[in-house]
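Dumped structure-v2.pdb below, it's PDB, C-alpha atoms:
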MODEL        1
ATOM      1  CA  MET A   1       7.896  15.419  27.547
ATOM      2  CA  ARG A   2       8.715  17.154  24.259
ATOM      3  CA  THR A   3       8.768  20.917  24.261
ATOM      4  CA  ASP A   4       9.868  21.515  20.659
ATOM      5  CA  GLY A   5       6.451  21.214  18.989
ATOM      6  CA  ASN A   6       7.084  17.605  17.907
ATOM      7  CA  LEU A   7       6.993  18.579  14.198
ATOM      8  CA  GLY A   8       3.668  20.369  14.652
ATOM      9  CA  ARG A   9       1.143  19.392  11.974
ATOM     10  CA  THR A  10       3.755  17.788   9.707
ATOM     11  CA  PRO A  11       2.572  14.311   8.656
ATOM     12  CA  THR A  12       4.886  11.671  10.072
ATOM     13  CA  TYR A  13       4.129   8.955   7.518
ATOM     14  CA  PHE A  14       5.105   8.309   3.902
ATOM     15  CA  PRO A  15       3.633   8.490   1.361
ATOM     16  CA  ASN A  16       1.410  11.423   2.239
ATOM     17  CA  SER A  17      -0.549  14.065   0.354
ATOM     18  CA  LEU A  18       1.847  16.888   1.225
ATOM     19  CA  GLY A  19       5.040  15.391  -0.212
ATOM     20  CA  GLU A  20       6.762  15.294   3.169
ATOM     21  CA  TRP A  21       9.429  12.689   3.982
ATOM     22  CA  THR A  22      10.384  11.857   0.421
ATOM     23  CA  ASP A  23      13.291   9.508  -0.141
ATOM     24  CA  GLN A  24      16.801  10.947  -0.238
ATOM     25  CA  PRO A  25      18.811   8.532  -2.400
ATOM     26  CA  ASP A  26      22.027  10.481  -1.799
ATOM     27  CA  LEU A  27      21.893   9.256   1.828
ATOM     28  CA  ASN A  28      21.712   5.539   0.910
ATOM     29  CA  GLU A  29      24.517   3.289   2.045
ATOM     30  CA  PRO A  30      26.914   2.316  -0.723
ATOM     31  CA  PRO A  31      26.484  -1.121  -2.342
ATOM     32  CA  LEU A  32      28.006  -3.997  -0.393
ATOM     33  CA  GLU A  33      30.344  -6.345  -2.274
ATOM     34  CA  ILE A  34      29.252  -9.926  -1.688
ATOM     35  CA  ASP A  35      29.412 -11.930  -4.900
ATOM     36  CA  GLY A  36      29.038  -9.006  -7.235
ATOM     37  CA  ALA A  37      27.529  -5.667  -6.318
ATOM     38  CA  THR A  38      24.316  -5.507  -4.304
ATOM     39  CA  ALA A  39      22.292  -2.601  -2.973
ATOM     40  CA  HIS A  40      19.040  -1.795  -1.219
ATOM     41  CA  TRP A  41      15.971  -3.108  -3.050
ATOM     42  CA  ASP A  42      13.613  -0.306  -3.968
ATOM     43  CA  HIS A  43      10.146  -1.843  -3.579
ATOM     44  CA  ARG A  44       8.700   0.914  -5.749
ATOM     45  CA  VAL A  45      10.492  -0.517  -8.803
ATOM     46  CA  ASP A  46       7.899  -3.293  -8.953
ATOM     47  CA  ASP A  47       4.589  -1.554  -9.635
ATOM     48  CA  ASP A  48       2.383  -4.529  -8.720
ATOM     49  CA  HIS A  49       1.008  -3.486  -5.348
ATOM     50  CA  TYR A  50      -2.521  -4.620  -6.133
ATOM     51  CA  GLN A  51      -2.370  -8.270  -7.263
ATOM     52  CA  GLN A  52      -2.214  -9.741  -3.760
ATOM     53  CA  PRO A  53      -5.076  -7.719  -2.224
ATOM     54  CA  GLY A  54      -7.125  -8.344  -5.387
ATOM     55  CA  ASP A  55      -6.538 -12.096  -5.116
ATOM     56  CA  LEU A  56      -7.634 -12.052  -1.478
ATOM     57  CA  PHE A  57     -10.733 -10.008  -2.333
ATOM     58  CA  ARG A  58     -11.745 -12.486  -5.044
ATOM     59  CA  LYS A  59     -11.560 -15.348  -2.504
ATOM     60  CA  MET A  60     -14.098 -13.640  -0.221
ATOM     61  CA  ASN A  61     -17.748 -14.601  -0.235
ATOM     62  CA  ALA A  62     -20.538 -11.999  -0.509
ATOM     63  CA  ALA A  63     -20.901 -11.562   3.263
ATOM     64  CA  GLN A  64     -17.164 -11.078   3.738
ATOM     65  CA  ARG A  65     -17.076  -8.530   0.922
ATOM     66  CA  ARG A  66     -19.998  -6.583   2.401
ATOM     67  CA  LEU A  67     -18.246  -6.488   5.775
ATOM     68  CA  LEU A  68     -15.037  -5.310   4.089
ATOM     69  CA  PHE A  69     -16.901  -2.547   2.241
ATOM     70  CA  ASP A  70     -18.673  -1.366   5.407
ATOM     71  CA  ASN A  71     -15.528  -1.499   7.568
ATOM     72  CA  THR A  72     -13.550   0.389   4.936
ATOM     73  CA  ALA A  73     -16.267   3.031   4.560
ATOM     74  CA  THR A  74     -16.393   3.479   8.321
ATOM     75  CA  ALA A  75     -12.597   3.775   8.520
ATOM     76  CA  VAL A  76     -12.127   6.295   5.685
ATOM     77  CA  GLY A  77     -15.508   7.996   5.873
ATOM     78  CA  ALA A  78     -14.288  10.842   8.062
ATOM     79  CA  ALA A  79     -11.255  11.507   5.847
ATOM     80  CA  ALA A  80     -11.100  14.355   3.357
ATOM     81  CA  LEU A  81     -12.828  13.636   0.057
ATOM     82  CA  HIS A  82      -9.561  13.491  -1.926
ATOM     83  CA  ILE A  83      -8.255  10.824   0.472
ATOM     84  CA  GLN A  84     -11.465   8.798   0.050
ATOM     85  CA  GLU A  85     -11.195   9.057  -3.746
ATOM     86  CA  ARG A  86      -7.548   7.961  -3.673
ATOM     87  CA  HIS A  87      -8.448   4.962  -1.502
ATOM     88  CA  ILE A  88     -11.298   3.996  -3.844
ATOM     89  CA  ALA A  89      -8.873   4.251  -6.781
ATOM     90  CA  ASN A  90      -6.417   1.941  -4.999
ATOM     91  CA  CYS A  91      -9.191  -0.564  -4.242
ATOM     92  CA  THR A  92     -10.274  -0.418  -7.894
ATOM     93  CA  LYS A  93      -6.725  -1.268  -9.004
ATOM     94  CA  ALA A  94      -6.941  -4.423  -6.885
ATOM     95  CA  ASP A  95     -10.361  -5.318  -8.327
ATOM     96  CA  PRO A  96     -12.975  -3.044  -9.952
ATOM     97  CA  GLU A  97     -15.722  -4.620  -7.840
ATOM     98  CA  TYR A  98     -13.730  -3.807  -4.698
ATOM     99  CA  GLY A  99     -13.564  -0.106  -5.582
ATOM    100  CA  ALA A 100     -17.232   0.007  -6.567
ATOM    101  CA  GLY A 101     -18.234  -1.686  -3.312
ATOM    102  CA  VAL A 102     -16.296   0.781  -1.185
ATOM    103  CA  ARG A 103     -17.782   3.719  -3.129
ATOM    104  CA  GLU A 104     -21.307   2.331  -2.691
ATOM    105  CA  ALA A 105     -20.763   1.730   1.035
ATOM    106  CA  LEU A 106     -19.536   5.294   1.532
ATOM    107  CA  SER A 107     -22.672   6.576  -0.204
ATOM    108  CA  ARG A 108     -25.006   4.169   1.593
ATOM    109  CA  LEU A 109     -23.598   4.836   5.036
ATOM    110  CA  ALA A 110     -23.483   8.587   4.267
ATOM    111  CA  ILE A 111     -20.482   9.130   6.473
ATOM    112  CA  VAL A 112     -20.401  12.820   7.394
ATOM    113  CA  ARG A 113     -16.952  14.366   7.280
ATOM    114  CA  PRO A 114     -16.204  16.936   9.975
ATOM    115  CA  VAL A 115     -16.086  20.565   8.865
ATOM    116  CA  LYS A 116     -12.508  21.730   8.451
ATOM    117  CA  ALA A 117     -11.897  24.267  11.196
ATOM    118  CA  LYS A 118      -9.576  27.213  10.717
ATOM    119  CA  ILE A 119      -6.477  26.904  12.813
ATOM    120  CA  ALA A 120      -5.279  30.016  14.593
ATOM    121  CA  ALA A 121      -1.724  31.085  13.757
ATOM    122  CA  GLU A 122       0.721  29.964  16.375
TER
ENDMDL
END
What would you get if you wrote out this structure as structure tokens?
Amino acid sequence: MRTDGNLGRTPTYFPNSLGEWTDQPDLNEPPLEIDGATAHWDHRVDDDHYQQPGDLFRKMNAAQRRLLFDNTATAVGAAALHIQERHIANCTKADPEYGAGVREALSRLAIVRPVKAKIAAE
């Protein structure tokens, strides 16, 4: 059992809205000589994170899309509004109809977000 607070409320995933856990390039391993220099591939160099999900979305029929919209709205509906908007923006980058469908499902299902409670100082 941990008794050190286990990082408290610090998000333990990256990327996150608070800028925690950013990369530290100075801690990377040095390039390894194989047949010329090689190093770790930074997946953020390629900015195409939306082609593949967009292609999959465009292969779905109307019923599959509706289920995707409803499942997504249910999953992100309790999140803070700025998180919902960011997710809609990401869906829109994959396909504008995908983003619009998620936005419509969130409105239609009227997911109620919990009221943010004040946290007592520790």
Evaluate the PyMOL selection byres ((chain A and resi 93) around 12) here and jot the selected residues down as an mmCIF file with C-alpha atoms, in the frame of the given file.
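The resulting file, result.cif, is reproduced below:
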data_model
loop_
_atom_site.group_PDB
_atom_site.id
_atom_site.type_symbol
_atom_site.label_atom_id
_atom_site.label_comp_id
_atom_site.auth_asym_id
_atom_site.auth_seq_id
_atom_site.Cartn_x
_atom_site.Cartn_y
_atom_site.Cartn_z
ATOM 1 C CA ASP A 47 4.589 -1.554 -9.635
ATOM 2 C CA ASP A 48 2.383 -4.529 -8.720
ATOM 3 C CA HIS A 49 1.008 -3.486 -5.348
ATOM 4 C CA TYR A 50 -2.521 -4.620 -6.133
ATOM 5 C CA GLN A 51 -2.370 -8.270 -7.263
ATOM 6 C CA GLN A 52 -2.214 -9.741 -3.760
ATOM 7 C CA PRO A 53 -5.076 -7.719 -2.224
ATOM 8 C CA GLY A 54 -7.125 -8.344 -5.387
ATOM 9 C CA ASP A 55 -6.538 -12.096 -5.116
ATOM 10 C CA PHE A 57 -10.733 -10.008 -2.333
ATOM 11 C CA ARG A 86 -7.548 7.961 -3.673
ATOM 12 C CA HIS A 87 -8.448 4.962 -1.502
ATOM 13 C CA ILE A 88 -11.298 3.996 -3.844
ATOM 14 C CA ALA A 89 -8.873 4.251 -6.781
ATOM 15 C CA ASN A 90 -6.417 1.941 -4.999
ATOM 16 C CA CYS A 91 -9.191 -0.564 -4.242
ATOM 17 C CA THR A 92 -10.274 -0.418 -7.894
ATOM 18 C CA ALA A 94 -6.941 -4.423 -6.885
ATOM 19 C CA ASP A 95 -10.361 -5.318 -8.327
ATOM 20 C CA PRO A 96 -12.975 -3.044 -9.952
ATOM 21 C CA GLU A 97 -15.722 -4.620 -7.840
ATOM 22 C CA TYR A 98 -13.730 -3.807 -4.698
ATOM 23 C CA GLY A 99 -13.564 -0.106 -5.582
ATOM 24 C CA ALA A 100 -17.232 0.007 -6.567
#
Quick one: residues within 9 Å of Thr10 (chain A), all atoms listed in the file, excluding same-chain residues fewer than 4 positions away - as an mmCIF file with C-alpha atoms, in the coordinates of the input?
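Once written, part-v6.cif looks like this:
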data_model
loop_
_atom_site.group_PDB
_atom_site.id
_atom_site.type_symbol
_atom_site.label_atom_id
_atom_site.label_comp_id
_atom_site.auth_asym_id
_atom_site.auth_seq_id
_atom_site.Cartn_x
_atom_site.Cartn_y
_atom_site.Cartn_z
ATOM 1 C CA ASN A 6 7.084 17.605 17.907
ATOM 2 C CA LEU A 18 1.847 16.888 1.225
ATOM 3 C CA GLU A 20 6.762 15.294 3.169
#
With the file shown as input, list the residues that the PyMOL selection byres ((chain A and resi 70) around 9) selects, as a compact mmCIF listing (two decimals) with C-alpha atoms, in the coordinates of the input.
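Once everything was written out, this is out_32.txt:
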# COMPACT_ATOMS: atom_id res chain seq x y z
CA ARG A 65 -17.08 -8.53 0.92
CA ARG A 66 -20.00 -6.58 2.40
CA LEU A 67 -18.25 -6.49 5.78
CA LEU A 68 -15.04 -5.31 4.09
CA PHE A 69 -16.90 -2.55 2.24
CA ASN A 71 -15.53 -1.50 7.57
CA THR A 72 -13.55 0.39 4.94
CA ALA A 73 -16.27 3.03 4.56
CA THR A 74 -16.39 3.48 8.32
CA ALA A 75 -12.60 3.78 8.52
CA GLY A 101 -18.23 -1.69 -3.31
CA VAL A 102 -16.30 0.78 -1.18
CA ALA A 105 -20.76 1.73 1.03
CA LEU A 106 -19.54 5.29 1.53
CA LEU A 109 -23.60 4.84 5.04
For this session: Work out how far apart CA of Ala78 (chain A) and CA of Ala110 (chain A) are and give it in Å to one decimal.
Result: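 The value is 10.2 Å.
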Seminar exercise, completed: Atom pair CA of Leu7 (chain A) + CA of Thr22 (chain A), distance 15.7 Å
Since the input is missing atoms, can you rebuild N, CA and C atoms for region 84-95 of chain A and write them as a tab-separated table (two decimals), in the coordinates of the input?
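Resulting contents of part-v2.tsv:
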chain	number	residue	atom	x	y	z
A	84	GLN	N	-10.49	9.85	0.36
A	84	GLN	CA	-11.46	8.80	0.05
A	84	GLN	C	-11.36	8.38	-1.41
A	85	GLU	N	-11.28	9.36	-2.31
A	85	GLU	CA	-11.20	9.06	-3.75
A	85	GLU	C	-9.91	8.30	-4.07
A	86	ARG	N	-8.81	8.67	-3.44
A	86	ARG	CA	-7.55	7.96	-3.67
A	86	ARG	C	-7.66	6.52	-3.17
A	87	HIS	N	-8.31	6.32	-2.02
A	87	HIS	CA	-8.45	4.96	-1.50
A	87	HIS	C	-9.35	4.12	-2.42
A	88	ILE	N	-10.42	4.71	-2.90
A	88	ILE	CA	-11.30	4.00	-3.84
A	88	ILE	C	-10.52	3.63	-5.10
A	89	ALA	N	-9.69	4.54	-5.60
A	89	ALA	CA	-8.87	4.25	-6.78
A	89	ALA	C	-7.91	3.10	-6.52
A	90	ASN	N	-7.31	3.05	-5.34
A	90	ASN	CA	-6.42	1.94	-5.00
A	90	ASN	C	-7.18	0.62	-4.92
A	91	CYS	N	-8.37	0.65	-4.31
A	91	CYS	CA	-9.19	-0.56	-4.24
A	91	CYS	C	-9.58	-1.03	-5.64
A	92	THR	N	-9.89	-0.09	-6.53
A	92	THR	CA	-10.27	-0.42	-7.89
A	92	THR	C	-9.12	-1.06	-8.64
A	93	LYS	N	-7.89	-0.65	-8.36
A	93	LYS	CA	-6.72	-1.27	-9.00
A	93	LYS	C	-6.58	-2.72	-8.58
A	94	ALA	N	-6.98	-3.03	-7.35
A	94	ALA	CA	-6.94	-4.42	-6.88
A	94	ALA	C	-8.04	-5.24	-7.56
A	95	ASP	N	-9.24	-4.67	-7.65
A	95	ASP	CA	-10.36	-5.32	-8.33
A	95	ASP	C	-11.45	-4.26	-8.51
